[in-house]
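Take a look at the structure below.
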Amino acid sequence: MTQRRAILSGSTFEEEIGYARAVVHGDSVHVSGTTGFDYTAMTISEDVVEQAGQCLRNIEAALKEAGCTFADVVRVRCLLPDRADFEPCRPVLRGCFGEVRPAATMLVCGLADPRMKIEIEVYAQRSAR
């Protein structure tokens, strides 16, 4: 039987909505859509690039707890309400994924809170290296 483990970040959203920051299922790691909130303070910057950096720090913490790094990421999805906000975030994304080259998608859509300017989700495979 494949083992399944939930990883929680302490975000109030996880408790209110009923989800996990990430789920480890065998060698697969599914990281939920992650926003730029600093989950310890439940604050969020107004700057999209700072939000992207915080998203990635939040994701990195979940990956680490799952026994992974960005090098194990095979798919990344970025969701943004404003298409123009994607270009300024590219260097931050390239810093984490430029050498890894995961499959990637960028979608323009509404997010759950108007303060959110970007949401990022990743899928990692622990045996990818």
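Letters A, B, ... mark the chains of the structure tokens in the order given; residue numbers begin at 1 per chain; ligand numbers begin at 1, in order shown.
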Excluding same-chain residues fewer than 5 positions from range 33-45 of chain A, what lies within 9 Å of it counting only C-alpha atoms, as a PDB file with N, CA and C atoms, in the first residue's frame?
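Output contents, as saved in result.pdb:
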```
ATOM      1  N   SER A   9       1.422  23.760   6.922  1.00  0.00           N
ATOM      2  CA  SER A   9       2.317  24.906   7.107  1.00  0.00           C
ATOM      3  C   SER A   9       1.946  25.757   8.315  1.00  0.00           C
ATOM      4  N   GLY A  10       0.749  25.548   8.839  1.00  0.00           N
ATOM      5  CA  GLY A  10       0.263  26.400   9.918  1.00  0.00           C
ATOM      6  C   GLY A  10      -0.612  27.533   9.411  1.00  0.00           C
ATOM      7  N   SER A  11      -0.827  27.612   8.116  1.00  0.00           N
ATOM      8  CA  SER A  11      -1.715  28.622   7.534  1.00  0.00           C
ATOM      9  C   SER A  11      -3.130  28.435   8.060  1.00  0.00           C
ATOM     10  N   THR A  12      -3.760  29.525   8.425  1.00  0.00           N
ATOM     11  CA  THR A  12      -5.153  29.434   8.874  1.00  0.00           C
ATOM     12  C   THR A  12      -6.058  28.956   7.742  1.00  0.00           C
ATOM     13  N   ARG A  21      -0.924  21.817   2.942  1.00  0.00           N
ATOM     14  CA  ARG A  21       0.029  22.546   2.094  1.00  0.00           C
ATOM     15  C   ARG A  21       0.599  21.619   1.036  1.00  0.00           C
ATOM     16  N   GLU A  50       7.682  40.395  -4.424  1.00  0.00           N
ATOM     17  CA  GLU A  50       7.861  39.930  -3.039  1.00  0.00           C
ATOM     18  C   GLU A  50       6.909  38.780  -2.734  1.00  0.00           C
ATOM     19  N   GLN A  51       5.693  38.852  -3.249  1.00  0.00           N
ATOM     20  CA  GLN A  51       4.753  37.743  -3.053  1.00  0.00           C
ATOM     21  C   GLN A  51       5.279  36.465  -3.705  1.00  0.00           C
ATOM     22  N   ALA A  52       5.820  36.583  -4.908  1.00  0.00           N
ATOM     23  CA  ALA A  52       6.367  35.408  -5.591  1.00  0.00           C
ATOM     24  C   ALA A  52       7.501  34.795  -4.772  1.00  0.00           C
ATOM     25  N   GLY A  53       8.376  35.631  -4.237  1.00  0.00           N
ATOM     26  CA  GLY A  53       9.465  35.134  -3.402  1.00  0.00           C
ATOM     27  C   GLY A  53       8.954  34.418  -2.172  1.00  0.00           C
ATOM     28  N   GLN A  54       7.915  34.967  -1.538  1.00  0.00           N
ATOM     29  CA  GLN A  54       7.342  34.322  -0.351  1.00  0.00           C
ATOM     30  C   GLN A  54       6.642  33.024  -0.727  1.00  0.00           C
ATOM     31  N   CYS A  55       5.944  33.007  -1.869  1.00  0.00           N
ATOM     32  CA  CYS A  55       5.336  31.754  -2.353  1.00  0.00           C
ATOM     33  C   CYS A  55       6.401  30.670  -2.424  1.00  0.00           C
ATOM     34  N   LEU A  56       7.527  31.006  -3.027  1.00  0.00           N
ATOM     35  CA  LEU A  56       8.581  30.020  -3.232  1.00  0.00           C
ATOM     36  C   LEU A  56       9.237  29.604  -1.921  1.00  0.00           C
ATOM     37  N   ARG A  57       9.365  30.523  -0.971  1.00  0.00           N
ATOM     38  CA  ARG A  57       9.883  30.139   0.351  1.00  0.00           C
ATOM     39  C   ARG A  57       8.908  29.183   1.045  1.00  0.00           C
ATOM     40  N   ASN A  58       7.613  29.457   0.923  1.00  0.00           N
ATOM     41  CA  ASN A  58       6.601  28.574   1.506  1.00  0.00           C
ATOM     42  C   ASN A  58       6.643  27.190   0.852  1.00  0.00           C
ATOM     43  N   ILE A  59       6.784  27.178  -0.464  1.00  0.00           N
ATOM     44  CA  ILE A  59       6.868  25.911  -1.200  1.00  0.00           C
ATOM     45  C   ILE A  59       8.138  25.164  -0.823  1.00  0.00           C
ATOM     46  N   ARG A  77       2.909  25.470 -11.771  1.00  0.00           N
ATOM     47  CA  ARG A  77       1.809  26.275 -12.316  1.00  0.00           C
ATOM     48  C   ARG A  77       1.763  27.593 -11.570  1.00  0.00           C
ATOM     49  N   CYS A  78       1.713  28.674 -12.326  1.00  0.00           N
ATOM     50  CA  CYS A  78       1.588  30.017 -11.750  1.00  0.00           C
ATOM     51  C   CYS A  78       0.230  30.568 -12.147  1.00  0.00           C
ATOM     52  N   LEU A  79      -0.485  31.079 -11.163  1.00  0.00           N
ATOM     53  CA  LEU A  79      -1.801  31.669 -11.402  1.00  0.00           C
ATOM     54  C   LEU A  79      -1.742  33.127 -10.976  1.00  0.00           C
ATOM     55  N   ARG A 115      -5.960  40.568  -2.193  1.00  0.00           N
ATOM     56  CA  ARG A 115      -4.569  40.912  -1.876  1.00  0.00           C
ATOM     57  C   ARG A 115      -3.581  39.992  -2.563  1.00  0.00           C
ATOM     58  N   MET A 116      -4.040  38.811  -2.968  1.00  0.00           N
ATOM     59  CA  MET A 116      -3.175  37.824  -3.620  1.00  0.00           C
ATOM     60  C   MET A 116      -2.937  38.218  -5.065  1.00  0.00           C
ATOM     61  N   LYS A 117      -1.660  38.325  -5.438  1.00  0.00           N
ATOM     62  CA  LYS A 117      -1.309  38.692  -6.814  1.00  0.00           C
ATOM     63  C   LYS A 117      -0.702  37.536  -7.592  1.00  0.00           C
ATOM     64  N   ILE A 118      -0.316  36.467  -6.889  1.00  0.00           N
ATOM     65  CA  ILE A 118       0.228  35.281  -7.542  1.00  0.00           C
ATOM     66  C   ILE A 118       0.005  34.079  -6.634  1.00  0.00           C
ATOM     67  N   GLU A 119      -0.228  32.944  -7.250  1.00  0.00           N
ATOM     68  CA  GLU A 119      -0.341  31.667  -6.547  1.00  0.00           C
ATOM     69  C   GLU A 119       0.463  30.665  -7.361  1.00  0.00           C
ATOM     70  N   ILE A 120       1.263  29.852  -6.678  1.00  0.00           N
ATOM     71  CA  ILE A 120       2.125  28.885  -7.361  1.00  0.00           C
ATOM     72  C   ILE A 120       1.885  27.513  -6.757  1.00  0.00           C
ATOM     73  N   GLU A 121       1.751  26.513  -7.627  1.00  0.00           N
ATOM     74  CA  GLU A 121       1.676  25.137  -7.165  1.00  0.00           C
ATOM     75  C   GLU A 121       2.744  24.330  -7.889  1.00  0.00           C
ATOM     76  N   VAL A 122       3.249  23.308  -7.226  1.00  0.00           N
ATOM     77  CA  VAL A 122       4.255  22.460  -7.850  1.00  0.00           C
ATOM     78  C   VAL A 122       3.950  20.993  -7.583  1.00  0.00           C
TER      79      VAL A 122
END
```
Spatial neighbours of Tyr123 in chain A, max dist 7 Å, only C-alpha atoms, sep filter under 3 positions, as an NGL selection string: :A and (29-31 or 73-76)
Go through chain A and collect every residue that DSSP, computed from the backbone, puts in alpha helix (DSSP H); the answer should be as an mmCIF file with N, CA and C atoms, in the first residue's frame.
```cif
data_model
loop_
_atom_site.group_PDB
_atom_site.id
_atom_site.type_symbol
_atom_site.label_atom_id
_atom_site.label_comp_id
_atom_site.auth_asym_id
_atom_site.auth_seq_id
_atom_site.Cartn_x
_atom_site.Cartn_y
_atom_site.Cartn_z
ATOM 1 N N THR A 12 -3.760 29.525 8.425
ATOM 2 C CA THR A 12 -5.153 29.434 8.874
ATOM 3 C C THR A 12 -6.058 28.956 7.742
ATOM 4 N N PHE A 13 -5.656 29.213 6.488
ATOM 5 C CA PHE A 13 -6.455 28.772 5.347
ATOM 6 C C PHE A 13 -6.604 27.248 5.331
ATOM 7 N N GLU A 14 -5.520 26.535 5.683
ATOM 8 C CA GLU A 14 -5.567 25.076 5.666
ATOM 9 C C GLU A 14 -6.644 24.551 6.620
ATOM 10 N N GLU A 15 -6.714 25.146 7.792
ATOM 11 C CA GLU A 15 -7.707 24.724 8.782
ATOM 12 C C GLU A 15 -9.116 25.145 8.355
ATOM 13 N N GLU A 16 -9.259 26.393 7.884
ATOM 14 C CA GLU A 16 -10.582 26.910 7.507
ATOM 15 C C GLU A 16 -11.178 26.169 6.318
ATOM 16 N N ILE A 17 -10.339 25.814 5.349
ATOM 17 C CA ILE A 17 -10.833 25.211 4.112
ATOM 18 C C ILE A 17 -10.772 23.686 4.169
ATOM 19 N N VAL A 48 4.050 42.202 -6.093
ATOM 20 C CA VAL A 48 3.923 40.873 -6.689
ATOM 21 C C VAL A 48 5.240 40.110 -6.662
ATOM 22 N N VAL A 49 6.373 40.780 -6.847
ATOM 23 C CA VAL A 49 7.663 40.088 -6.839
ATOM 24 C C VAL A 49 7.976 39.580 -5.425
ATOM 25 N N GLU A 50 7.682 40.395 -4.424
ATOM 26 C CA GLU A 50 7.861 39.930 -3.039
ATOM 27 C C GLU A 50 6.909 38.780 -2.734
ATOM 28 N N GLN A 51 5.693 38.852 -3.249
ATOM 29 C CA GLN A 51 4.753 37.743 -3.053
ATOM 30 C C GLN A 51 5.279 36.465 -3.705
ATOM 31 N N ALA A 52 5.820 36.583 -4.908
ATOM 32 C CA ALA A 52 6.367 35.408 -5.591
ATOM 33 C C ALA A 52 7.501 34.795 -4.772
ATOM 34 N N GLY A 53 8.376 35.631 -4.237
ATOM 35 C CA GLY A 53 9.465 35.134 -3.402
ATOM 36 C C GLY A 53 8.954 34.418 -2.172
ATOM 37 N N GLN A 54 7.915 34.967 -1.538
ATOM 38 C CA GLN A 54 7.342 34.322 -0.351
ATOM 39 C C GLN A 54 6.642 33.024 -0.727
ATOM 40 N N CYS A 55 5.944 33.007 -1.869
ATOM 41 C CA CYS A 55 5.336 31.754 -2.353
ATOM 42 C C CYS A 55 6.401 30.670 -2.424
ATOM 43 N N LEU A 56 7.527 31.006 -3.027
ATOM 44 C CA LEU A 56 8.581 30.020 -3.232
ATOM 45 C C LEU A 56 9.237 29.604 -1.921
ATOM 46 N N ARG A 57 9.365 30.523 -0.971
ATOM 47 C CA ARG A 57 9.883 30.139 0.351
ATOM 48 C C ARG A 57 8.908 29.183 1.045
ATOM 49 N N ASN A 58 7.613 29.457 0.923
ATOM 50 C CA ASN A 58 6.601 28.574 1.506
ATOM 51 C C ASN A 58 6.643 27.190 0.852
ATOM 52 N N ILE A 59 6.784 27.178 -0.464
ATOM 53 C CA ILE A 59 6.868 25.911 -1.200
ATOM 54 C C ILE A 59 8.138 25.164 -0.823
ATOM 55 N N GLU A 60 9.242 25.886 -0.740
ATOM 56 C CA GLU A 60 10.517 25.258 -0.390
ATOM 57 C C GLU A 60 10.438 24.574 0.977
ATOM 58 N N ALA A 61 9.768 25.215 1.932
ATOM 59 C CA ALA A 61 9.615 24.620 3.266
ATOM 60 C C ALA A 61 8.817 23.320 3.187
ATOM 61 N N ALA A 62 7.754 23.300 2.389
ATOM 62 C CA ALA A 62 6.952 22.082 2.234
ATOM 63 C C ALA A 62 7.762 20.991 1.542
ATOM 64 N N LEU A 63 8.495 21.366 0.497
ATOM 65 C CA LEU A 63 9.331 20.386 -0.206
ATOM 66 C C LEU A 63 10.377 19.795 0.731
ATOM 67 N N LYS A 64 10.991 20.653 1.535
ATOM 68 C CA LYS A 64 12.022 20.187 2.470
ATOM 69 C C LYS A 64 11.430 19.171 3.446
ATOM 70 N N GLU A 65 10.256 19.488 3.978
ATOM 71 C CA GLU A 65 9.613 18.561 4.906
ATOM 72 C C GLU A 65 9.276 17.234 4.230
ATOM 73 N N PHE A 86 3.194 38.862 -14.462
ATOM 74 C CA PHE A 86 4.023 37.671 -14.643
ATOM 75 C C PHE A 86 5.463 38.024 -15.009
ATOM 76 N N GLU A 87 5.654 38.956 -15.918
ATOM 77 C CA GLU A 87 7.017 39.275 -16.370
ATOM 78 C C GLU A 87 7.937 39.707 -15.231
ATOM 79 N N PRO A 88 7.519 40.585 -14.314
ATOM 80 C CA PRO A 88 8.420 40.949 -13.221
ATOM 81 C C PRO A 88 8.794 39.773 -12.313
ATOM 82 N N CYS A 89 7.974 38.713 -12.305
ATOM 83 C CA CYS A 89 8.232 37.546 -11.454
ATOM 84 C C CYS A 89 9.180 36.541 -12.103
ATOM 85 N N ARG A 90 9.415 36.671 -13.382
ATOM 86 C CA ARG A 90 10.241 35.686 -14.093
ATOM 87 C C ARG A 90 11.618 35.476 -13.470
ATOM 88 N N PRO A 91 12.350 36.529 -13.086
ATOM 89 C CA PRO A 91 13.673 36.280 -12.487
ATOM 90 C C PRO A 91 13.610 35.477 -11.184
ATOM 91 N N VAL A 92 12.571 35.693 -10.380
ATOM 92 C CA VAL A 92 12.421 34.946 -9.128
ATOM 93 C C VAL A 92 12.169 33.470 -9.442
ATOM 94 N N LEU A 93 11.310 33.207 -10.399
ATOM 95 C CA LEU A 93 11.018 31.835 -10.810
ATOM 96 C C LEU A 93 12.250 31.175 -11.417
ATOM 97 N N ARG A 94 12.955 31.901 -12.259
ATOM 98 C CA ARG A 94 14.170 31.369 -12.893
ATOM 99 C C ARG A 94 15.211 31.010 -11.838
ATOM 100 N N GLY A 95 15.269 31.790 -10.746
ATOM 101 C CA GLY A 95 16.218 31.499 -9.674
ATOM 102 C C GLY A 95 16.001 30.139 -9.041
ATOM 103 N N CYS A 96 14.768 29.682 -9.002
ATOM 104 C CA CYS A 96 14.466 28.363 -8.420
ATOM 105 C C CYS A 96 14.430 27.257 -9.460
ATOM 106 N N PHE A 97 13.978 27.577 -10.666
ATOM 107 C CA PHE A 97 13.692 26.535 -11.650
ATOM 108 C C PHE A 97 14.552 26.589 -12.912
#
```
Nearest to Ala84 in chain A, chosen from A:Val100, A:Ala6, A:Val108, A:Ala66, with only C-alpha atoms counted in the distances: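 Smallest distance to Ala84 in chain A is found for A:Val108.
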For CA of Gly67 in chain A and CA of Arg101 in chain A, the interatomic separation in Å (one decimal): 19.5 Å
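Taking CA of Ala112 in chain A and CA of Thr69 in chain A as the two end points, the separation is 27.2 Å.
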Atomic distance CA of Ala103 in chain A - CA of Cys68 in chain A, expressed in Å with one decimal: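 About the pair CA of Ala103 in chain A and CA of Cys68 in chain A: they are 17.1 Å apart.
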Strand (DSSP E or B) residues, from DSSP on the backbone, in chain A, as a PyMOL selection string: chain A and resi 4-7+22-25+28-35+37-38+43-44+73-80+103-108+119-125
Residue nearest Val24 in chain A - candidates A:Glu46, A:Ile7, A:Met106, A:Gly98, atoms counted: only C-alpha atoms: A:Ile7
